[in-house]
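The next block is input_21.pdb, given as PDB, C-alpha atoms.
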```
ATOM      1  CA  MET T   1     163.410 227.678 196.140
ATOM      2  CA  ILE T   2     166.657 227.138 194.253
ATOM      3  CA  ASN T   3     167.804 230.005 192.068
ATOM      4  CA  ILE T   4     168.818 228.266 188.820
ATOM      5  CA  ARG T   5     170.888 231.204 187.580
ATOM      6  CA  VAL T   6     172.915 231.243 190.783
ATOM      7  CA  VAL T   7     173.530 227.479 190.585
ATOM      8  CA  VAL T   8     174.600 227.706 186.948
ATOM      9  CA  SER T   9     176.866 230.640 187.757
ATOM     10  CA  VAL T  10     178.509 228.782 190.650
ATOM     11  CA  LEU T  11     178.983 225.619 188.592
ATOM     12  CA  SER T  12     180.494 227.633 185.753
ATOM     13  CA  PHE T  13     182.877 229.297 188.183
ATOM     14  CA  LEU T  14     183.904 225.950 189.664
ATOM     15  CA  TYR T  15     184.466 224.558 186.171
ATOM     16  CA  VAL T  16     186.802 227.444 185.306
ATOM     17  CA  VAL T  17     188.646 227.031 188.610
ATOM     18  CA  CYS T  18     189.075 223.301 187.961
ATOM     19  CA  ILE T  19     190.372 223.942 184.448
ATOM     20  CA  LYS T  20     192.837 226.528 185.735
ATOM     21  CA  ALA T  21     193.948 224.260 188.576
ATOM     22  CA  GLN T  22     194.475 221.398 186.157
ATOM     23  CA  ASP T  23     196.546 223.649 183.896
ATOM     24  CA  VAL T  24     198.798 224.605 186.797
ATOM     25  CA  THR T  25     199.165 221.279 188.607
ATOM     26  CA  MET T  26     199.916 219.322 185.451
ATOM     27  CA  PHE T  27     202.873 221.571 184.654
ATOM     28  CA  PRO T  28     206.110 222.316 186.533
ATOM     29  CA  GLU T  29     205.521 224.610 189.502
ATOM     30  CA  SER T  30     207.053 227.675 187.860
ATOM     31  CA  THR T  31     204.854 227.430 184.729
ATOM     32  CA  LYS T  32     202.805 230.418 183.608
ATOM     33  CA  VAL T  33     199.632 229.620 181.645
ATOM     34  CA  LEU T  34     197.872 232.124 179.381
ATOM     35  CA  LYS T  35     194.666 231.837 177.337
ATOM     36  CA  ILE T  36     194.231 234.501 174.682
ATOM     37  CA  GLU T  37     191.421 234.831 172.157
ATOM     38  CA  PRO T  38     192.687 235.391 168.587
ATOM     39  CA  SER T  39     190.401 238.426 168.219
ATOM     40  CA  LYS T  40     192.390 240.169 170.977
ATOM     41  CA  THR T  41     195.472 239.925 168.780
ATOM     42  CA  ASP T  42     193.777 240.830 165.485
ATOM     43  CA  SER T  43     190.317 242.425 165.577
ATOM     44  CA  ARG T  44     189.509 241.112 162.089
ATOM     45  CA  ILE T  45     189.410 237.539 163.396
ATOM     46  CA  THR T  46     185.916 236.380 164.308
ATOM     47  CA  THR T  47     185.948 232.726 163.200
ATOM     48  CA  ALA T  48     187.594 230.020 165.319
ATOM     49  CA  ASN T  49     187.982 232.529 168.142
ATOM     50  CA  THR T  50     188.396 230.063 171.003
ATOM     51  CA  PRO T  51     191.541 230.974 172.982
ATOM     52  CA  HIS T  52     195.080 230.049 172.108
ATOM     53  CA  PHE T  53     196.780 228.104 174.915
ATOM     54  CA  ILE T  54     200.212 229.323 176.041
ATOM     55  CA  ALA T  55     202.508 227.869 178.704
ATOM     56  CA  TYR T  56     206.110 228.515 179.674
ATOM     57  CA  ASN T  57     208.506 228.175 182.570
ATOM     58  CA  THR T  58     209.045 231.594 184.148
ATOM     59  CA  ASN T  59     212.540 230.458 185.170
ATOM     60  CA  ASN T  60     213.457 229.665 181.571
ATOM     61  CA  THR T  61     212.656 232.322 178.989
ATOM     62  CA  LYS T  62     215.463 231.538 176.547
ATOM     63  CA  GLY T  63     214.314 228.193 175.141
ATOM     64  CA  LYS T  64     212.776 227.370 171.785
ATOM     65  CA  LEU T  65     209.063 227.689 171.041
ATOM     66  CA  LEU T  66     206.969 224.585 170.457
ATOM     67  CA  LEU T  67     204.117 225.596 168.154
ATOM     68  CA  PHE T  68     201.451 222.895 168.271
ATOM     69  CA  ILE T  69     198.789 222.814 165.552
ATOM     70  CA  PRO T  70     195.689 220.786 166.479
ATOM     71  CA  GLY T  71     193.846 218.447 164.151
ATOM     72  CA  THR T  72     190.364 218.745 162.655
ATOM     73  CA  ASN T  73     187.825 219.917 165.266
ATOM     74  CA  GLY T  74     190.681 220.428 167.731
ATOM     75  CA  ILE T  75     190.270 223.070 170.450
ATOM     76  CA  ALA T  76     193.457 224.618 171.784
ATOM     77  CA  LEU T  77     192.352 224.655 175.440
ATOM     78  CA  LYS T  78     191.763 220.899 175.394
ATOM     79  CA  GLY T  79     195.404 219.985 175.130
ATOM     80  CA  PRO T  80     197.127 217.571 174.847
ATOM     81  CA  MET T  81     198.293 218.915 178.218
ATOM     82  CA  HIS T  82     200.586 216.033 179.240
ATOM     83  CA  LEU T  83     202.557 216.488 176.025
ATOM     84  CA  PHE T  84     202.771 220.239 176.635
ATOM     85  CA  SER T  85     203.927 219.702 180.218
ATOM     86  CA  THR T  86     206.672 217.426 178.903
ATOM     87  CA  ALA T  87     207.671 220.097 176.386
ATOM     88  CA  VAL T  88     207.948 222.721 179.146
ATOM     89  CA  GLU T  89     210.100 220.280 181.143
ATOM     90  CA  GLN T  90     212.304 219.938 178.050
ATOM     91  CA  GLY T  91     212.869 223.698 177.953
ATOM     92  CA  TYR T  92     210.242 224.840 175.469
ATOM     93  CA  SER T  93     207.690 227.597 175.633
ATOM     94  CA  VAL T  94     204.426 226.220 174.214
ATOM     95  CA  ILE T  95     201.717 227.691 172.010
ATOM     96  CA  ASN T  96     198.718 225.556 171.084
ATOM     97  CA  LEU T  97     197.256 227.551 168.222
ATOM     98  CA  SER T  98     193.558 228.218 167.721
ATOM     99  CA  TYR T  99     192.797 228.315 163.990
ATOM    100  CA  ILE T 100     190.157 227.298 161.437
ATOM    101  CA  ASN T 101     190.552 223.534 161.212
ATOM    102  CA  THR T 102     187.308 222.580 159.484
ATOM    103  CA  PRO T 103     186.496 221.368 156.946
ATOM    104  CA  ALA T 104     189.234 218.757 156.730
ATOM    105  CA  ILE T 105     191.295 218.429 153.566
ATOM    106  CA  ALA T 106     189.951 214.920 152.981
ATOM    107  CA  ARG T 107     186.421 216.347 152.751
ATOM    108  CA  ILE T 108     187.354 218.875 150.072
ATOM    109  CA  CYS T 109     190.182 217.378 147.999
ATOM    110  CA  LYS T 110     188.401 214.330 146.677
ATOM    111  CA  GLY T 111     186.230 213.256 143.759
ATOM    112  CA  ASP T 112     185.790 215.883 141.039
ATOM    113  CA  ASN T 113     187.793 218.479 142.978
ATOM    114  CA  LEU T 114     190.815 216.187 142.911
ATOM    115  CA  ILE T 115     190.278 215.239 139.264
ATOM    116  CA  LYS T 116     190.215 218.935 138.314
ATOM    117  CA  ASN T 117     193.243 219.817 140.447
ATOM    118  CA  ALA T 118     195.851 217.208 141.386
ATOM    119  CA  ASP T 119     197.446 219.814 143.693
ATOM    120  CA  CYS T 120     194.199 220.452 145.577
ATOM    121  CA  ALA T 121     195.690 219.412 148.942
ATOM    122  CA  GLU T 122     198.744 221.640 148.520
ATOM    123  CA  ASP T 123     196.603 224.606 147.461
ATOM    124  CA  PHE T 124     194.266 223.961 150.408
ATOM    125  CA  ARG T 125     197.182 223.978 152.850
ATOM    126  CA  ASN T 126     198.636 227.126 151.284
ATOM    127  CA  ARG T 127     195.378 228.964 151.909
ATOM    128  CA  ARG T 128     194.988 227.703 155.470
ATOM    129  CA  VAL T 129     198.659 228.252 156.403
ATOM    130  CA  TYR T 130     199.590 231.382 154.459
ATOM    131  CA  GLY T 131     196.247 232.920 153.387
ATOM    132  CA  ASP T 132     196.675 232.339 149.644
ATOM    133  CA  THR T 133     193.277 233.314 148.184
ATOM    134  CA  LYS T 134     193.806 231.604 144.823
ATOM    135  CA  PHE T 135     192.245 228.469 146.299
ATOM    136  CA  THR T 136     188.503 229.068 146.494
ATOM    137  CA  LEU T 137     187.104 225.794 147.862
ATOM    138  CA  ILE T 138     187.365 227.004 151.466
ATOM    139  CA  GLU T 139     186.375 230.404 152.839
ATOM    140  CA  ASP T 140     189.305 231.107 155.197
ATOM    141  CA  MET T 141     190.254 234.777 155.041
ATOM    142  CA  PRO T 142     193.936 235.768 154.698
ATOM    143  CA  TYR T 143     194.000 237.102 158.268
ATOM    144  CA  ASP T 144     192.649 233.737 159.490
ATOM    145  CA  ALA T 145     195.754 231.957 158.223
ATOM    146  CA  ILE T 146     197.936 230.028 160.662
ATOM    147  CA  VAL T 147     200.986 232.231 160.078
ATOM    148  CA  ASN T 148     199.053 235.470 160.609
ATOM    149  CA  ARG T 149     197.459 234.124 163.797
ATOM    150  CA  LEU T 150     200.859 233.088 165.130
ATOM    151  CA  THR T 151     202.475 236.403 164.166
ATOM    152  CA  LYS T 152     199.740 238.518 165.729
ATOM    153  CA  LEU T 153     199.788 236.387 168.895
ATOM    154  CA  LEU T 154     203.554 236.874 169.247
ATOM    155  CA  VAL T 155     203.155 240.645 168.773
ATOM    156  CA  TYR T 156     200.446 240.629 171.457
ATOM    157  CA  LEU T 157     202.612 238.623 173.858
ATOM    158  CA  ILE T 158     205.593 240.910 173.293
ATOM    159  CA  GLU T 159     203.430 243.880 174.272
ATOM    160  CA  ASN T 160     201.454 242.289 177.101
ATOM    161  CA  ASP T 161     203.670 239.629 178.670
ATOM    162  CA  LYS T 162     207.084 241.250 179.008
ATOM    163  CA  PRO T 163     208.538 238.543 181.314
ATOM    164  CA  GLY T 164     208.033 235.911 178.578
ATOM    165  CA  ASN T 165     210.765 237.375 176.355
ATOM    166  CA  TRP T 166     208.673 236.594 173.259
ATOM    167  CA  GLU T 167     210.778 238.873 171.063
ATOM    168  CA  ARG T 168     213.109 236.007 170.233
ATOM    169  CA  TYR T 169     210.398 234.275 168.192
ATOM    170  CA  LEU T 170     209.751 237.223 165.893
ATOM    171  CA  GLU T 171     212.178 238.669 163.344
ATOM    172  CA  ASN T 172     211.397 241.634 161.087
ATOM    173  CA  GLY T 173     207.702 241.182 161.796
ATOM    174  CA  GLU T 174     207.647 237.489 160.860
ATOM    175  CA  PRO T 175     208.060 234.266 162.826
ATOM    176  CA  ASN T 176     211.705 233.465 163.524
ATOM    177  CA  TRP T 177     211.294 229.897 162.325
ATOM    178  CA  ASN T 178     214.731 228.685 163.382
ATOM    179  CA  GLU T 179     213.696 229.305 167.005
ATOM    180  CA  ILE T 180     210.436 227.393 166.525
ATOM    181  CA  ALA T 181     209.757 223.668 166.677
ATOM    182  CA  LEU T 182     206.563 222.595 164.937
ATOM    183  CA  ALA T 183     204.297 219.782 166.056
ATOM    184  CA  GLY T 184     200.736 218.821 165.305
ATOM    185  CA  GLN T 185     198.260 215.990 165.215
ATOM    186  CA  SER T 186     196.389 214.767 162.120
ATOM    187  CA  GLN T 187     195.612 217.843 159.955
ATOM    188  CA  GLY T 188     197.907 219.828 162.248
ATOM    189  CA  GLY T 189     200.748 217.347 161.803
ATOM    190  CA  GLY T 190     200.459 217.792 158.068
ATOM    191  CA  MET T 191     200.438 221.576 158.493
ATOM    192  CA  SER T 192     203.627 221.329 160.549
ATOM    193  CA  ALA T 193     205.406 219.279 157.889
ATOM    194  CA  PHE T 194     204.046 221.576 155.172
ATOM    195  CA  ILE T 195     205.507 224.667 156.857
ATOM    196  CA  ALA T 196     208.828 222.902 157.439
ATOM    197  CA  LYS T 197     209.083 222.296 153.693
ATOM    198  CA  THR T 198     209.348 226.035 152.999
ATOM    199  CA  HIS T 199     210.947 227.339 156.223
ATOM    200  CA  LEU T 200     214.017 226.288 158.170
ATOM    201  CA  VAL T 201     212.531 225.281 161.516
ATOM    202  CA  HIS T 202     214.223 223.975 164.642
ATOM    203  CA  ARG T 203     212.352 220.655 164.551
ATOM    204  CA  VAL T 204     209.110 219.165 163.226
ATOM    205  CA  ILE T 205     207.020 216.385 164.781
ATOM    206  CA  ASP T 206     204.211 214.974 162.681
ATOM    207  CA  PHE T 207     201.751 213.021 164.837
ATOM    208  CA  SER T 208     199.674 210.913 162.395
ATOM    209  CA  GLY T 209     199.724 213.856 160.052
ATOM    210  CA  GLY T 210     197.172 213.113 157.410
ATOM    211  CA  TRP T 211     196.764 211.457 154.052
ATOM    212  CA  ASP T 212     196.626 213.993 151.240
ATOM    213  CA  TYR T 213     196.115 212.640 147.736
ATOM    214  CA  SER T 214     196.862 213.915 144.225
ATOM    215  CA  ALA T 215     194.781 211.157 142.596
ATOM    216  CA  LYS T 216     192.999 208.013 143.679
ATOM    217  CA  ASN T 217     195.427 205.873 145.726
ATOM    218  CA  LYS T 218     198.298 208.292 144.982
ATOM    219  CA  ILE T 219     199.601 210.448 147.827
ATOM    220  CA  ALA T 220     199.951 214.177 147.209
ATOM    221  CA  ASN T 221     202.848 215.610 145.235
ATOM    222  CA  TRP T 222     203.844 218.067 147.968
ATOM    223  CA  TYR T 223     205.139 215.252 150.173
ATOM    224  CA  PHE T 224     207.941 214.654 147.651
ATOM    225  CA  LYS T 225     209.086 218.280 147.406
ATOM    226  CA  ASN T 226     212.472 219.384 148.689
ATOM    227  CA  SER T 227     212.596 220.716 152.232
ATOM    228  CA  LYS T 228     214.350 223.782 153.618
ATOM    229  CA  THR T 229     214.340 222.058 156.999
ATOM    230  CA  PRO T 230     217.016 219.323 157.044
ATOM    231  CA  LEU T 231     215.547 215.824 156.988
ATOM    232  CA  GLU T 232     217.270 214.887 160.239
ATOM    233  CA  ARG T 233     215.024 217.425 162.008
ATOM    234  CA  TYR T 234     211.847 215.583 160.946
ATOM    235  CA  TYR T 235     210.030 213.109 163.193
ATOM    236  CA  GLY T 236     206.834 211.179 162.529
ATOM    237  CA  THR T 237     204.501 208.963 164.533
ATOM    238  CA  TYR T 238     201.468 206.776 163.975
ATOM    239  CA  HIS T 239     199.534 204.185 165.946
ATOM    240  CA  VAL T 240     199.673 200.670 164.577
ATOM    241  CA  LYS T 241     195.903 200.298 164.997
ATOM    242  CA  GLU T 242     194.762 203.451 163.250
ATOM    243  CA  PRO T 243     192.976 202.707 159.952
ATOM    244  CA  THR T 244     195.219 204.916 157.798
ATOM    245  CA  ALA T 245     198.536 203.782 159.297
ATOM    246  CA  ASN T 246     199.836 202.397 155.989
ATOM    247  CA  VAL T 247     199.141 205.638 154.141
ATOM    248  CA  ILE T 248     200.743 207.717 156.900
ATOM    249  CA  ILE T 249     203.855 205.528 156.682
ATOM    250  CA  GLU T 250     203.880 206.092 152.911
ATOM    251  CA  THR T 251     203.855 209.883 153.408
ATOM    252  CA  TYR T 252     206.760 209.642 155.839
ATOM    253  CA  LYS T 253     208.744 207.646 153.290
ATOM    254  CA  ALA T 254     207.919 210.211 150.601
ATOM    255  CA  MET T 255     209.181 213.008 152.868
ATOM    256  CA  GLU T 256     212.308 210.888 153.525
ATOM    257  CA  ILE T 257     211.964 211.062 157.279
ATOM    258  CA  PRO T 258     214.761 208.845 158.656
ATOM    259  CA  ASP T 259     213.463 205.421 159.674
ATOM    260  CA  SER T 260     214.900 205.884 163.170
ATOM    261  CA  HIS T 261     212.798 209.048 163.537
ATOM    262  CA  VAL T 262     209.490 207.298 162.833
ATOM    263  CA  HIS T 263     207.769 205.985 165.966
ATOM    264  CA  ALA T 264     205.126 203.261 165.755
ATOM    265  CA  PHE T 265     202.965 203.645 168.857
ATOM    266  CA  ASP T 266     201.363 200.416 170.021
ATOM    267  CA  LEU T 267     199.978 200.845 173.544
ATOM    268  CA  GLU T 268     196.433 199.644 174.094
ATOM    269  CA  VAL T 269     193.889 202.319 173.211
ATOM    270  CA  PRO T 270     191.382 202.956 176.042
ATOM    271  CA  GLN T 271     187.822 201.954 175.280
ATOM    272  CA  GLY T 272     185.931 204.739 173.568
ATOM    273  CA  LYS T 273     189.131 206.504 172.465
ATOM    274  CA  ARG T 274     190.722 206.624 169.011
ATOM    275  CA  ALA T 275     194.078 205.179 168.026
ATOM    276  CA  HIS T 276     194.538 208.134 165.664
ATOM    277  CA  SER T 277     194.847 210.654 168.524
ATOM    278  CA  ASN T 278     196.272 208.332 171.187
ATOM    279  CA  GLY T 279     199.867 209.241 170.404
ATOM    280  CA  VAL T 280     199.561 212.813 171.703
ATOM    281  CA  ARG T 281     197.390 212.028 174.736
ATOM    282  CA  ASN T 282     198.637 208.783 176.254
ATOM    283  CA  LEU T 283     201.092 209.591 179.053
ATOM    284  CA  GLY T 284     202.559 206.135 178.536
ATOM    285  CA  TYR T 285     204.447 207.613 175.583
ATOM    286  CA  LYS T 286     206.299 210.210 177.655
ATOM    287  CA  GLU T 287     209.724 208.683 177.030
ATOM    288  CA  GLN T 288     209.040 208.743 173.283
ATOM    289  CA  TRP T 289     207.803 212.327 173.560
ATOM    290  CA  ILE T 290     211.089 213.316 175.193
ATOM    291  CA  THR T 291     212.970 211.751 172.289
ATOM    292  CA  LEU T 292     210.726 213.435 169.741
ATOM    293  CA  LEU T 293     210.952 216.849 171.408
ATOM    294  CA  GLY T 294     214.656 216.765 172.140
ATOM    295  CA  ASP T 295     216.243 219.597 174.123
ATOM    296  CA  GLY T 296     214.221 222.805 173.853
ATOM    297  CA  ASN T 297     216.904 224.988 175.438
TER     298      ASN T 297
END
```
Please express the file's structure as C-alpha cells.
Amino acid sequence: MINIRVVVSVLSFLYVVCIKAQDVTMFPESTKVLKIEPSKTDSRITTANTPHFIAYNTNNTKGKLLLFIPGTNGIALKGPMHLFSTAVEQGYSVINLSYINTPAIARICKGDNLIKNADCAEDFRNRRVYGDTKFTLIEDMPYDAIVNRLTKLLVYLIENDKPGNWERYLENGEPNWNEIALAGQSQGGGMSAFIAKTHLVHRVIDFSGGWDYSAKNKIANWYFKNSKTPLERYYGTYHVKEPTANVIIETYKAMEIPDSHVHAFDLEVPQGKRAHSNGVRNLGYKEQWITLLGDGN
C-alpha cells in the first residue's frame, strides 16, 4: 500500500531541488542564490511573507544593486529569472523584493475615490513605498512599506552574508540609492519610477509600468513632477499588443523619458501568455535587456 504522506514528501522535496537547480543553472556558474522571508528581517512583517529572491556573482561583489519590484500578484521566487541572470552577467547583484502588491492601484483609485482625491494614485504609492499612513484606502502597515522591507533585508544580508559586501547599498541606515538601479513590471515599474522621482538612483527601468489617473482619461499628476534622478537615467518599455500601450506611452512622455530610451517590444506573445508581462520574461529580448540594464559594475 502506498504511503501518501511519503509520496507527497518526496514530490515536495524533488520540487524544491528542481527549483534550486533551475536557479543555479540559469545563472553564471559563480552565482549565489538566496531566498529570505521578510519576517526573518523584521519580525513585525506577517503579510506578503513569501521569500525575497537574491542573486549575485561571488566573483563580483562591487557592482551596483538591481532592485526589481514585481507587479500585482507577483511572487519574488517566480522571476523573471532570465532577466535576473542577464543582470548578474552585466555586473549587478539582484534583489527581487517580496512586498504587498494587492490590491492594485487601478482597483482603488477610480470612481468616487478619484473624484474625492485627484492625487489618489500618488498617495497610494506613498503609503506602499514609504509607509505614509495618511492614505487610508489600503491597510499596508508602515513596516510593510517597500523601503522598510529593502532596508531591513540589506541589514539582514550585511549580518548574515558577509561575502556579499552588502554594506555598499546602505548609508546611515537608509538605502544608498545612487548604488541602486530600480526596475519593475506593471505596478512595480510604476513604483520604480515613483521612487526615482524623489531619490537619485543609478538607473530606472519601467517595464509597462502602469496607468495611474488623476481624473477620467487624465493621467496622474505625479508623472509630471520634477525628478531627482536625471532623465537620461530613465528607460521605459511596453509591448505593442498590450491593451494599455497608448496610456503607458503617454506616461513616459509625461515623465520626459528620452524617446531613444523607450523600447516598443513586438515579439509574438506565446499562446496563453500576456503581452503586458512578456517584456520581462521573453528571452528573445535579451539584447534589449542588456541595453536597458547597462553596465552594473
Which residues of range 143-174 of chain T sit at most 12 Å from range 32-49 of chain T, using all atoms listed in the file? Give each one's shortest atom pair and distance in Å (one decimal place), in chain and ascending residue order, as JSON lines.
```
{"residue": "T:Tyr143", "atom": "CA", "partner": "T:Ile45", "partner_atom": "CA", "distance": 6.9}
{"residue": "T:Asp144", "atom": "CA", "partner": "T:Ile45", "partner_atom": "CA", "distance": 6.3}
{"residue": "T:Ala145", "atom": "CA", "partner": "T:Ile45", "partner_atom": "CA", "distance": 9.9}
{"residue": "T:Ile146", "atom": "CA", "partner": "T:Pro38", "partner_atom": "CA", "distance": 10.9}
{"residue": "T:Asn148", "atom": "CA", "partner": "T:Asp42", "partner_atom": "CA", "distance": 9.0}
{"residue": "T:Arg149", "atom": "CA", "partner": "T:Pro38", "partner_atom": "CA", "distance": 6.9}
{"residue": "T:Leu150", "atom": "CA", "partner": "T:Pro38", "partner_atom": "CA", "distance": 9.2}
{"residue": "T:Thr151", "atom": "CA", "partner": "T:Thr41", "partner_atom": "CA", "distance": 9.1}
{"residue": "T:Lys152", "atom": "CA", "partner": "T:Thr41", "partner_atom": "CA", "distance": 5.4}
{"residue": "T:Leu153", "atom": "CA", "partner": "T:Thr41", "partner_atom": "CA", "distance": 5.6}
{"residue": "T:Leu154", "atom": "CA", "partner": "T:Thr41", "partner_atom": "CA", "distance": 8.7}
{"residue": "T:Val155", "atom": "CA", "partner": "T:Thr41", "partner_atom": "CA", "distance": 7.7}
{"residue": "T:Tyr156", "atom": "CA", "partner": "T:Thr41", "partner_atom": "CA", "distance": 5.7}
{"residue": "T:Leu157", "atom": "CA", "partner": "T:Thr41", "partner_atom": "CA", "distance": 8.9}
{"residue": "T:Ile158", "atom": "CA", "partner": "T:Thr41", "partner_atom": "CA", "distance": 11.1}
{"residue": "T:Glu159", "atom": "CA", "partner": "T:Thr41", "partner_atom": "CA", "distance": 10.4}
{"residue": "T:Asn160", "atom": "CA", "partner": "T:Thr41", "partner_atom": "CA", "distance": 10.5}
{"residue": "T:Asp161", "atom": "CA", "partner": "T:Leu34", "partner_atom": "CA", "distance": 9.5}
{"residue": "T:Pro163", "atom": "CA", "partner": "T:Lys32", "partner_atom": "CA", "distance": 10.2}
{"residue": "T:Gly164", "atom": "CA", "partner": "T:Lys32", "partner_atom": "CA", "distance": 9.1}
```
Write the residues of the preceding selection, restricted to C-alpha atoms, as an mmCIF file, in the coordinates of the input.
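File written: result_27.cif
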```
data_model
loop_
_atom_site.group_PDB
_atom_site.id
_atom_site.type_symbol
_atom_site.label_atom_id
_atom_site.label_comp_id
_atom_site.auth_asym_id
_atom_site.auth_seq_id
_atom_site.Cartn_x
_atom_site.Cartn_y
_atom_site.Cartn_z
ATOM 1 C CA TYR T 143 194.000 237.102 158.268
ATOM 2 C CA ASP T 144 192.649 233.737 159.490
ATOM 3 C CA ALA T 145 195.754 231.957 158.223
ATOM 4 C CA ILE T 146 197.936 230.028 160.662
ATOM 5 C CA ASN T 148 199.053 235.470 160.609
ATOM 6 C CA ARG T 149 197.459 234.124 163.797
ATOM 7 C CA LEU T 150 200.859 233.088 165.130
ATOM 8 C CA THR T 151 202.475 236.403 164.166
ATOM 9 C CA LYS T 152 199.740 238.518 165.729
ATOM 10 C CA LEU T 153 199.788 236.387 168.895
ATOM 11 C CA LEU T 154 203.554 236.874 169.247
ATOM 12 C CA VAL T 155 203.155 240.645 168.773
ATOM 13 C CA TYR T 156 200.446 240.629 171.457
ATOM 14 C CA LEU T 157 202.612 238.623 173.858
ATOM 15 C CA ILE T 158 205.593 240.910 173.293
ATOM 16 C CA GLU T 159 203.430 243.880 174.272
ATOM 17 C CA ASN T 160 201.454 242.289 177.101
ATOM 18 C CA ASP T 161 203.670 239.629 178.670
ATOM 19 C CA PRO T 163 208.538 238.543 181.314
ATOM 20 C CA GLY T 164 208.033 235.911 178.578
#
```
Inset, instruction - Evaluate the PyMOL selection byres ((chain T and resi 222) around 9) on the structure here and hand back the selected residues as a count of residues only. - result: 15
Could you write out as lines of an AutoDock Vina configuration file the box around range 75-87 of chain T (axis-aligned, all atoms listed in the file, 6 Å on each side), with centre and edge lengths in Å to one decimal?
```
center_x = 199.0
center_y = 220.3
center_z = 175.3
size_x = 29.4
size_y = 20.6
size_z = 21.8
```
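For the pair CA of Val129 in chain T and CA of Ile195 in chain T, the interatomic distance is 7.7 Å.
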Inset, instruction - Go through T:Gly131, T:Gly71, T:Gly188, T:Gly63 and flag the residue nearest Asn165 in chain T, using all atoms listed in the file for the distances. - result: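 Result for the nearest residue to Asn165 in chain T: T:Gly63.
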Inset, instruction - Quick one: pull the distance between CA of Asn73 in chain T and CA of Ala118 in chain T, Å, one decimal. - result: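 According to the coordinates, CA of Asn73 in chain T and CA of Ala118 in chain T are separated by 25.3 Å.
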Inset, instruction - I need the residue set behind the PyMOL selection byres ((chain T and resi 288) around 12) for this file; please write it as a list in words. - result: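 Applied to this file, the PyMOL selection byres ((chain T and resi 288) around 12) returns Leu83, Thr86, Ala87, Ile205, Phe207, Tyr235, Gly236, Thr237, His261, Val262, His263, Ala264, Phe265, Asp266, Gly279, Val280, Asn282, Leu283, Gly284, Tyr285, Lys286, Glu287, Trp289, Ile290, Thr291, Leu292, Leu293 and Gly294 of chain T.
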Legend entry - Pick from T:Pro70, T:Pro51, T:Gly296, T:Pro142 nearest to Gln90 in chain T, counting all atoms listed in the file: T:Gly296
Inset, instruction - Give me the result of the PyMOL selection byres ((chain T and resi 187) around 6) on this file, residue by residue, as a list of chain:residue names. - result: T:Gly71, T:Thr72, T:Ser186, T:Gly188, T:Gly189, T:Gly190, T:Gly209, T:Gly210
Inset, instruction - Would you work out the distance separating CA of Val88 in chain T from CA of Gly74 in chain T, expressed in Å to one decimal? - result: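 Interatomic distance, CA of Val88 in chain T to CA of Gly74 in chain T: 20.8 Å.
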Inset, instruction - Considering all atoms listed in the file, return as a VMD selection string whatever protein or nucleic-acid residues lie within 9 Å of Arg233 in chain T, sequence-local ones (same chain, fewer than 6 positions apart) excluded. - result: chain T and resid 201 to 205 257 261
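Ranking T:Thr31, T:Tyr238, T:Met191, T:Leu65 by their shortest atom-to-atom distance to Leu170 in chain T, with all atoms listed in the file included, puts T:Leu65 first.
Taking all atoms listed in the file into account, Trp177 in chain T lies nearest to T:Leu200 out of the set T:His239, T:Lys134, T:Thr229, T:Leu200.
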Inset, instruction - Find, counting all atoms listed in the file, the residue in T:Gly184, T:Pro103, T:Gly272, T:Pro258 that gets nearest to Asp140 in chain T. - result: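 Of the candidates, the smallest distance to Asp140 in chain T is held by T:Pro103.
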Legend entry - Shortest interatomic distance to Asn96 in chain T - which of T:Ile69, T:Val247, T:Cys109, T:Ile115, counting all atoms listed in the file: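 Smallest separation from Asn96 in chain T among the options: T:Ile69.
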